[in-house]
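Okay, data.cif is below, mmCIF, C-alpha atoms:
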data_run
loop_
_atom_site.label_atom_id
_atom_site.label_comp_id
_atom_site.auth_asym_id
_atom_site.auth_seq_id
_atom_site.Cartn_x
_atom_site.Cartn_y
_atom_site.Cartn_z
CA MET O 29 13.43 -4.07 7.05
CA SER O 30 12.17 -7.63 7.16
CA ASN O 31 9.74 -9.13 9.62
CA ALA O 32 12.48 -11.47 10.77
CA SER O 33 14.78 -8.61 11.74
CA LEU O 34 11.97 -6.87 13.58
CA HIS O 35 10.83 -9.98 15.39
CA PRO O 36 13.44 -12.72 15.93
CA PHE O 37 12.00 -16.17 15.47
CA SER O 38 11.42 -18.42 18.46
CA SER O 39 11.88 -22.14 17.96
CA SER O 40 8.11 -22.65 17.99
CA ALA O 41 7.62 -19.93 15.38
CA ILE O 42 10.26 -21.47 13.12
CA GLN O 43 8.57 -24.86 13.33
CA HIS O 44 5.10 -23.45 12.73
CA PRO O 45 3.61 -24.51 9.36
CA LEU O 46 2.85 -20.85 8.60
CA ALA O 47 6.47 -19.71 9.07
CA VAL O 48 7.00 -19.82 5.30
CA HIS O 49 4.15 -17.31 5.00
CA GLY O 50 5.73 -14.85 7.45
CA TRP O 51 4.57 -16.20 10.84
CA ASP O 52 7.09 -15.30 13.53
CA GLU O 53 7.50 -14.76 17.25
CA GLY O 54 5.85 -11.34 17.12
CA TRP O 55 2.69 -12.66 15.46
CA GLU O 56 2.68 -15.61 17.84
CA ALA O 57 2.65 -13.26 20.84
CA GLU O 58 -0.05 -11.07 19.30
CA PHE O 59 -2.22 -14.09 18.63
CA ALA O 60 -1.99 -15.58 22.14
CA PRO O 61 -5.33 -14.11 23.39
CA TYR O 62 -7.15 -15.54 20.35
CA ALA O 63 -5.48 -18.94 20.74
CA ALA O 64 -6.88 -19.02 24.27
CA GLN O 65 -10.36 -18.62 22.73
CA GLY O 66 -9.85 -21.63 20.50
CA LEU O 67 -9.39 -19.56 17.32
CA VAL O 68 -6.94 -20.55 14.58
CA PRO O 69 -4.31 -18.24 12.98
CA GLY O 70 -4.12 -17.80 9.26
CA ARG O 71 -3.01 -15.36 6.60
CA VAL O 72 -5.55 -13.79 4.26
CA VAL O 73 -4.64 -14.68 0.68
CA ARG O 74 -7.70 -13.25 -1.07
CA VAL O 75 -10.79 -11.17 -0.26
CA ASP O 76 -13.93 -11.36 -2.35
CA ARG O 77 -17.44 -9.99 -1.67
CA GLY O 78 -17.62 -10.30 2.08
CA GLN O 79 -15.65 -13.52 2.23
CA CYS O 80 -11.98 -14.35 2.20
CA ASP O 81 -9.62 -17.27 1.72
CA VAL O 82 -7.41 -17.72 4.76
CA LEU O 83 -4.35 -19.97 4.68
CA THR O 84 -4.15 -21.89 7.96
CA ALA O 85 -1.84 -24.67 9.12
CA ASP O 86 -4.44 -27.15 7.83
CA GLY O 87 -4.92 -25.49 4.44
CA ILE O 88 -7.19 -22.88 2.88
CA VAL O 89 -10.32 -21.93 4.82
CA ARG O 90 -13.16 -19.98 3.23
CA ALA O 91 -14.45 -17.61 5.89
CA ASP O 92 -17.06 -14.90 6.25
CA THR O 93 -15.85 -11.41 7.19
CA ALA O 94 -19.08 -10.16 8.79
CA PHE O 95 -17.40 -9.74 12.18
CA VAL O 96 -14.60 -7.56 10.73
CA THR O 97 -16.51 -5.31 8.32
CA PRO O 98 -16.49 -1.93 10.11
CA HIS O 99 -17.73 1.40 8.78
CA ASP O 100 -14.15 2.60 8.27
CA PRO O 101 -12.88 1.17 4.93
CA LEU O 102 -9.31 1.22 6.24
CA ARG O 103 -10.22 -1.35 8.87
CA VAL O 104 -11.76 -3.97 6.60
CA ILE O 105 -9.98 -7.30 6.19
CA CYS O 106 -7.29 -7.20 3.50
CA THR O 107 -4.89 -9.47 1.65
CA GLY O 108 -1.82 -9.92 3.84
CA ASP O 109 -3.68 -9.64 7.15
CA TRP O 110 -3.12 -12.21 9.88
CA ALA O 111 -6.55 -13.39 10.93
CA ALA O 112 -8.11 -15.18 13.90
CA VAL O 113 -10.48 -17.74 12.37
CA GLU O 114 -13.32 -19.69 13.91
CA THR O 115 -13.09 -22.99 12.04
CA VAL O 116 -15.92 -24.82 13.82
CA GLY O 117 -19.30 -24.77 12.13
CA ASN O 118 -20.51 -23.56 8.78
CA PRO O 119 -20.08 -20.85 7.68
CA ARG O 120 -16.70 -20.17 9.24
CA TYR O 121 -15.85 -16.68 10.40
CA VAL O 122 -12.88 -14.35 10.72
CA LYS O 123 -13.41 -13.02 14.24
CA ALA O 124 -10.54 -10.48 14.22
CA TYR O 125 -7.23 -9.65 12.60
CA LEU O 126 -3.92 -8.79 14.23
CA PRO O 127 -2.62 -5.17 14.32
CA ARG O 128 -0.91 -4.40 11.03
CA ARG O 129 2.80 -3.67 10.89
CA THR O 130 2.48 -1.88 7.56
CA ALA O 131 -0.39 -0.97 5.24
CA PHE O 132 -0.38 0.27 1.65
CA VAL O 133 -3.23 2.78 1.29
CA ARG O 134 -4.37 5.01 -1.55
CA SER O 135 -7.34 7.37 -1.83
CA THR O 136 -10.39 6.16 -3.71
CA SER O 137 -12.29 8.07 -6.37
CA SER O 138 -15.11 8.40 -3.84
CA GLN O 139 -16.52 11.86 -3.24
CA ARG O 140 -16.26 11.04 0.46
CA SER O 141 -12.45 11.05 0.23
CA GLU O 142 -12.05 7.60 1.71
CA GLY O 143 -8.89 5.55 1.73
CA GLN O 144 -8.54 2.08 0.23
CA ILE O 145 -6.13 -0.42 1.72
CA LEU O 146 -4.44 -2.52 -0.96
CA ALA O 147 -2.15 -4.78 1.08
CA ALA O 148 -1.16 -5.32 4.69
CA ASN O 149 2.00 -6.43 6.52
CA VAL O 150 4.30 -5.81 3.56
CA ASP O 151 8.09 -5.49 3.76
CA HIS O 152 8.85 -4.57 0.13
CA ALA O 153 6.74 -2.43 -2.22
CA ILE O 154 7.77 -3.32 -5.77
CA ILE O 155 6.77 -0.61 -8.23
CA ALA O 156 6.75 -2.11 -11.73
CA VAL O 157 7.34 0.38 -14.55
CA SER O 158 7.36 -0.70 -18.20
CA LEU O 159 10.15 0.45 -20.49
CA ALA O 160 7.86 -0.26 -23.45
CA ALA O 161 6.23 3.14 -22.92
CA GLU O 162 7.52 6.63 -22.14
CA LEU O 163 8.49 7.01 -18.51
CA ASP O 164 6.01 8.91 -16.36
CA LEU O 165 8.26 10.17 -13.56
CA GLY O 166 5.38 11.93 -11.81
CA ARG O 167 3.46 8.66 -11.51
CA ILE O 168 6.57 6.93 -10.14
CA GLU O 169 6.84 9.66 -7.50
CA ARG O 170 3.20 9.05 -6.51
CA PHE O 171 3.76 5.33 -6.09
CA LEU O 172 6.91 6.02 -4.08
CA ALA O 173 5.13 8.44 -1.76
CA LEU O 174 2.48 5.83 -0.97
CA ALA O 175 5.11 3.12 -0.57
CA TRP O 176 7.20 5.16 1.89
CA GLU O 177 4.06 6.14 3.80
CA SER O 178 3.05 2.48 4.11
CA GLY O 179 6.15 1.62 6.11
CA ALA O 180 7.46 -0.78 3.46
CA GLN O 181 10.77 -0.43 1.61
CA PRO O 182 10.15 0.68 -2.00
CA LEU O 183 11.88 -0.89 -4.97
CA VAL O 184 11.45 0.31 -8.57
CA VAL O 185 11.62 -2.46 -11.17
CA LEU O 186 11.93 -1.36 -14.79
CA THR O 187 10.34 -4.20 -16.75
CA LYS O 188 10.73 -5.22 -20.42
CA ALA O 189 14.35 -4.06 -20.46
CA ASP O 190 14.97 -6.22 -23.54
CA LEU O 191 12.90 -3.73 -25.57
CA VAL O 192 15.58 -1.04 -25.06
CA ALA O 193 18.37 -2.31 -27.31
CA ASP O 194 20.78 0.60 -26.82
CA PRO O 195 22.64 0.25 -23.47
CA VAL O 196 23.36 4.00 -23.40
CA THR O 197 19.67 4.82 -23.72
CA LEU O 198 18.88 2.26 -21.03
CA GLY O 199 21.47 3.83 -18.76
CA HIS O 200 19.89 7.28 -19.18
CA LEU O 201 16.45 5.90 -18.37
CA VAL O 202 17.75 4.24 -15.21
CA GLN O 203 19.49 7.46 -14.20
CA ASP O 204 16.27 9.44 -14.66
CA VAL O 205 14.41 7.04 -12.35
CA GLU O 206 17.22 6.99 -9.80
CA THR O 207 17.07 10.80 -9.62
CA THR O 208 13.32 10.52 -9.13
CA ALA O 209 13.70 7.88 -6.42
CA PRO O 210 16.43 8.93 -3.94
CA GLY O 211 17.32 6.18 -1.51
CA VAL O 212 15.48 3.54 -3.58
CA GLN O 213 17.06 0.68 -5.51
CA VAL O 214 16.23 0.72 -9.23
CA LEU O 215 16.48 -2.62 -11.01
CA THR O 216 16.13 -3.42 -14.71
CA VAL O 217 14.41 -6.71 -15.44
CA SER O 218 13.41 -8.69 -18.49
CA SER O 219 11.12 -11.63 -17.99
CA HIS O 220 11.82 -12.58 -21.61
CA THR O 221 15.61 -12.92 -21.20
CA GLY O 222 15.69 -13.49 -17.45
CA GLU O 223 17.82 -10.39 -16.85
CA GLY O 224 17.58 -9.17 -13.26
CA THR O 225 15.06 -11.77 -12.10
CA ASP O 226 17.65 -13.56 -9.94
CA VAL O 227 18.54 -10.31 -8.16
CA LEU O 228 14.87 -9.48 -7.64
CA GLY O 229 14.20 -13.02 -6.39
CA ALA O 230 16.95 -12.65 -3.78
CA ILE O 231 15.44 -9.36 -2.56
CA VAL O 232 11.88 -10.64 -2.22
CA ALA O 233 12.99 -13.92 -0.60
CA ASP O 234 13.12 -12.03 2.69
CA GLY O 235 9.61 -11.15 3.88
CA THR O 236 6.41 -10.14 2.09
CA SER O 237 6.35 -8.07 -1.10
CA VAL O 238 3.51 -6.32 -2.89
CA LEU O 239 3.65 -5.87 -6.67
CA LEU O 240 2.24 -2.53 -7.85
CA GLY O 241 1.87 -0.71 -11.14
CA VAL O 242 -0.49 0.37 -13.89
CA SER O 243 -2.00 -1.97 -16.47
CA GLY O 244 0.59 -3.12 -18.98
CA ALA O 245 3.51 -2.72 -16.59
CA GLY O 246 4.27 -6.44 -16.84
CA LYS O 247 3.36 -7.31 -13.25
CA SER O 248 1.81 -10.69 -14.00
CA THR O 249 4.69 -11.68 -16.27
CA LEU O 250 7.09 -10.61 -13.53
CA ALA O 251 5.13 -12.59 -10.95
CA ASN O 252 5.33 -15.68 -13.18
CA ALA O 253 9.11 -15.22 -13.48
CA LEU O 254 9.46 -15.08 -9.70
CA LEU O 255 7.12 -18.05 -9.22
CA GLY O 256 8.88 -20.12 -11.88
CA ALA O 257 5.55 -21.06 -13.41
CA ASP O 258 2.72 -19.53 -15.44
CA VAL O 259 0.46 -19.04 -12.45
CA MET O 260 -0.79 -15.59 -13.45
CA GLU O 261 -2.58 -15.18 -16.77
CA VAL O 262 -0.77 -12.79 -19.12
CA GLN O 263 -2.49 -10.82 -21.87
CA ALA O 264 -0.97 -8.97 -24.79
CA THR O 265 0.09 -5.35 -24.43
CA ARG O 266 -0.38 -2.76 -27.17
CA ASP O 267 2.93 -1.67 -28.71
CA VAL O 268 1.64 1.87 -29.29
CA ASP O 269 1.24 2.97 -25.68
CA GLY O 270 2.37 0.01 -23.60
CA LYS O 271 -1.12 -0.47 -22.15
CA GLY O 272 -2.86 -3.78 -21.74
CA ARG O 273 -5.98 -5.30 -20.29
CA HIS O 274 -6.21 -6.01 -16.57
CA THR O 275 -4.77 -9.48 -16.06
CA THR O 276 -5.01 -9.61 -12.28
CA THR O 277 -8.51 -8.73 -11.04
CA THR O 278 -8.05 -9.43 -7.33
CA ARG O 279 -5.23 -9.19 -4.83
CA ASN O 280 -3.64 -12.60 -4.31
CA LEU O 281 -0.97 -13.81 -1.88
CA LEU O 282 1.49 -16.29 -3.39
CA VAL O 283 4.40 -18.21 -1.84
CA LEU O 284 7.63 -17.89 -3.83
CA PRO O 285 9.76 -21.01 -4.41
CA GLY O 286 12.95 -19.16 -3.44
CA GLY O 287 11.42 -17.91 -0.20
CA GLY O 288 9.19 -14.98 0.64
CA VAL O 289 5.60 -14.13 -0.13
CA LEU O 290 4.27 -12.05 -3.03
CA ILE O 291 1.00 -10.09 -3.15
CA ASP O 292 0.01 -9.40 -6.76
CA THR O 293 -2.45 -6.55 -7.33
CA PRO O 294 -4.63 -5.42 -10.26
CA GLY O 295 -3.32 -2.63 -12.45
CA LEU O 296 -4.11 0.70 -10.80
CA ARG O 297 -5.78 3.33 -12.96
CA GLY O 298 -5.47 5.99 -10.29
CA VAL O 299 -2.74 6.54 -7.73
CA GLY O 300 -4.27 9.06 -5.36
CA LEU O 301 -2.45 10.10 -2.21
CA PHE O 302 -4.06 9.50 1.16
CA ASP O 303 -2.54 11.36 4.12
CA ALA O 304 0.97 10.73 2.79
CA GLU O 305 2.86 13.87 3.81
CA ALA O 306 5.76 11.91 5.30
CA GLY O 307 5.94 9.76 2.17
CA VAL O 308 6.05 12.83 -0.08
CA GLY O 309 8.84 14.27 2.06
CA GLN O 310 10.81 11.03 1.69
CA VAL O 311 10.42 11.00 -2.11
CA PHE O 312 11.64 14.60 -2.33
CA SER O 313 14.25 14.31 0.40
CA GLU O 314 16.67 16.60 -1.41
CA ILE O 315 14.09 19.42 -1.38
CA GLU O 316 13.45 18.86 2.33
CA ASP O 317 17.22 19.05 2.90
CA TYR O 318 17.39 22.36 1.05
CA ALA O 319 14.36 23.63 2.97
CA ALA O 320 16.17 23.08 6.27
CA ASP O 321 18.50 25.97 5.28
CA CYS O 322 15.72 28.45 4.40
CA ARG O 323 15.73 31.71 6.37
CA PHE O 324 12.15 31.19 7.57
CA HIS O 325 11.05 27.90 9.10
CA ASP O 326 7.60 28.21 7.46
CA CYS O 327 8.99 29.11 4.04
CA ALA O 328 6.59 28.22 1.23
CA HIS O 329 9.42 28.23 -1.36
CA GLU O 330 7.53 30.65 -3.59
CA ALA O 331 9.15 34.11 -3.36
CA GLU O 332 10.49 34.40 0.20
CA PRO O 333 13.91 35.99 0.71
CA GLY O 334 16.60 33.59 1.82
CA CYS O 335 14.82 30.55 0.39
CA ALA O 336 17.41 27.79 -0.05
CA VAL O 337 15.05 25.78 -2.26
CA LEU O 338 14.69 28.63 -4.76
CA ALA O 339 18.45 29.18 -4.62
CA ALA O 340 19.00 25.51 -5.55
CA LEU O 341 16.50 25.94 -8.38
CA GLU O 342 18.30 29.05 -9.63
CA SER O 343 21.70 27.37 -9.56
CA GLY O 344 20.43 24.34 -11.45
CA ALA O 345 21.09 21.95 -8.54
CA LEU O 346 17.34 21.32 -8.26
CA PRO O 347 15.41 20.51 -11.47
CA GLU O 348 12.27 22.60 -11.95
CA ARG O 349 10.23 19.46 -12.71
CA ARG O 350 11.06 18.04 -9.27
CA LEU O 351 9.98 21.20 -7.46
CA GLU O 352 6.74 21.44 -9.42
CA SER O 353 5.96 17.79 -8.75
CA TYR O 354 6.72 18.30 -5.03
CA ARG O 355 4.36 21.26 -4.85
CA LYS O 356 1.64 19.38 -6.75
CA LEU O 357 1.73 16.32 -4.50
CA LEU O 358 1.80 18.42 -1.34
CA ARG O 359 -1.24 20.40 -2.50
CA GLU O 360 -3.09 17.22 -3.42
CA ASN O 361 -2.27 15.65 -0.08
CA GLN O 362 -3.40 18.74 1.81
CA ARG O 363 -6.73 18.68 -0.06
CA ILE O 364 -7.38 15.02 0.70
CA VAL O 365 -6.48 15.50 4.37
CA ALA O 366 -8.80 18.51 4.60
CA LYS O 367 -11.64 16.57 2.95
CA THR O 368 -11.04 13.57 5.19
CA ASP O 369 -11.02 15.76 8.30
CA ALA O 370 -14.26 17.39 7.16
CA ARG O 371 -15.83 13.97 6.57
CA LEU O 372 -14.75 12.75 10.01
CA ARG O 373 -16.11 15.90 11.67
CA SER O 374 -19.40 15.39 9.81
CA GLU O 375 -19.60 11.77 10.95
CA ILE O 376 -18.86 12.75 14.55
CA ARG O 377 -21.63 15.37 14.43
CA ARG O 378 -24.01 12.80 12.91
CA ASP O 379 -23.20 10.25 15.62
CA TRP O 380 -23.64 12.94 18.29
CA ARG O 381 -27.08 13.85 16.88
CA LEU O 382 -28.12 10.18 16.81
CA LYS O 383 -26.96 9.62 20.38
CA SER O 384 -28.66 12.83 21.52
CA ALA O 385 -31.92 11.75 19.89
CA GLU O 386 -31.60 8.31 21.47
CA GLY O 387 -30.95 9.91 24.85
CA ARG O 388 -34.00 12.15 24.54
CA ALA O 389 -36.13 9.16 23.54
CA ASN O 390 -34.91 7.15 26.54
CA TYR O 391 -35.54 10.09 28.86
CA SER O 392 -39.07 10.51 27.52
CA ALA O 393 -39.72 6.79 27.93
CA LYS O 394 -38.55 6.88 31.53
CA ARG O 395 -40.74 9.89 32.31
CA GLY O 396 -43.66 8.11 30.73
CA GLY O 397 -42.96 5.03 32.83
CA ARG O 398 -43.09 6.99 36.06
CA VAL O 399 -46.41 8.65 35.32
#

Translate this file's structure into structure tokens.
Amino acid sequence: MSNASLHPFSSSAIQHPLAVHGWDEGWEAEFAPYAAQGLVPGRVVRVDRGQCDVLTADGIVRADTAFVTPHDPLRVICTGDWAAVETVGNPRYVKAYLPRRTAFVRSTSSQRSEGQILAANVDHAIIAVSLAAELDLGRIERFLALAWESGAQPLVVLTKADLVADPVTLGHLVQDVETTAPGVQVLTVSSHTGEGTDVLGAIVADGTSVLLGVSGAGKSTLANALLGADVMEVQATRDVDGKGRHTTTTRNLLVLPGGGVLIDTPGLRGVGLFDAEAGVGQVFSEIEDYAADCRFHDCAHEAEPGCAVLAALESGALPERRLESYRKLLRENQRIVAKTDARLRSEIRRDWRLKSAEGRANYSAKRGGRV
């Protein structure tokens, strides 16, 4: 669902210079308290080492993020955020950002099991998958789970379609992905021939889109096709495995000539889940539908009598690969949630100890002052 459908535009929002970047009546209302403080609205187009580029009505402002760099990595400023900027003085500062409508989050490789936010306030999550390499359906399911969890509408784009000469083979590949992505549009695109780019351009013209995928998926080439210019640098991809060097090294927000905004991201080496149970359920909606008919409401779908999921597996209605992938992602998500909960409990205990020590020190100081 687009921002426009969620928040109808007022006349002032339509006339605002940032309307082309997604500014609407909802953001205008959210920003009112900051406007009263003399702060300026802008959209974050790039974040880099404690500073960010913010697009305001008067152009790009380079601002420090010191005021919005909390301990929680999910609350740091991110590409796609709407920011309240103090433009007087030097350096300039982002003083706050508006509550996010959506957020695309994955887990990091950190031993602390932290989440990493990749993009904010996104309407469409475009998952680019190259047809130059063998399809990894499990990886597509991971991307889809994170996309659904973010609140954005996923879209799978199969790039480099011109490399699959046989239309029958191409049809089978599309069918495999469609089975993997229930409720998600699957589009074949070739930046070389232009196939599908007009359809994709019409989809992304409404709202903000984030472009996701592994290295070599053709994201930068696809971004250039949508932009109508070679804005993103493109590097060669190996024919053997479809992999290439990272072309995009930071997340950038770009305005599309046909309307809409595109956030291009670096190729992701890892696609770890982060508290994405609802997203996993959406990806495997057919399994959740079967599960609703199980005899026991807490059925684990392992060996329980009256398990509708196992019955679907036995009859061939449910592919074994889908069930195994569902179990794997659920287990992974449960582990990350458990680790995150443990980390939060540890941090709460640490804060309690620090506050207790501070309280004891204050009490001792007061007693000493009375003596």

So how many Å separate atom CA of O:Gly143 and atom CA of O:Lys367, to one decimal? 11.4 Å

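Using all atoms listed in the file, the smallest distance between any of O:Leu281, O:Ala148, O:Val184, O:Ala57 and O:Gly211 comes from O:Val184.
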
Determine the residue membership of the PyMOL selection byres ((chain O and resi 135) around 6) for the file above and supply it as number ranges by chain. O: 134, 136, 142-144, 300-302

When the PyMOL selection byres ((chain O and resi 225-233) around 9) is applied to the structure above, which residues does it catch, written out as a ChimeraX atom specification? /O:151-152,185,215-219,222-224,234-237,250,253-254,284-290

Between atom CA of O:Leu240 and atom CA of O:Asp86, what is the distance, to one decimal in Å? 29.9 Å

Within 10 Å of stretch 345-352 of chain O, which residues of stretch 148-206 of chain O come that close, and what is the closest atom pair and distance in Å for each? Count all atoms listed in the file and give it as JSON lines.
{"residue": "O:Leu165", "atom": "CA", "partner": "O:Arg350", "partner_atom": "CA", "distance": 9.4}
{"residue": "O:Gly166", "atom": "CA", "partner": "O:Arg350", "partner_atom": "CA", "distance": 8.7}
{"residue": "O:Glu169", "atom": "CA", "partner": "O:Arg350", "partner_atom": "CA", "distance": 9.5}

So what do you get for atom CA of O:Gln65 versus atom CA of O:Lys123, distance-wise? 10.6 Å

Can you list what the PyMOL selection byres ((chain O and resi 119) around 8) grabs from this structure, as a list in words?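 Written out, the selection comes to Ala91, Asp92, Gly117, Asn118, Arg120 and Tyr121 of chain O.
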
Box for stretch 74-86 of chain O - axis-aligned, 4 Å on each of the six sides, all listed atoms - centre and size in Å to one decimal, as AutoDock Vina command-line options.
--center_x -9.7 --center_y -18.6 --center_z 3.4 --size_x 23.8 --size_y 25.2 --size_z 19.5

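Nearest-residue note for O:Leu282: choosing from O:Val365, O:Ala64, O:Val311, O:Val72, the minimum distance belongs to O:Val72, counting all atoms listed in the file.
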
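For the residues O:Thr84, O:Gln310, O:Asn361, O:Thr93, ranking by smallest atom-to-atom distance to O:Thr208 using all atoms listed in the file places O:Gln310 first.
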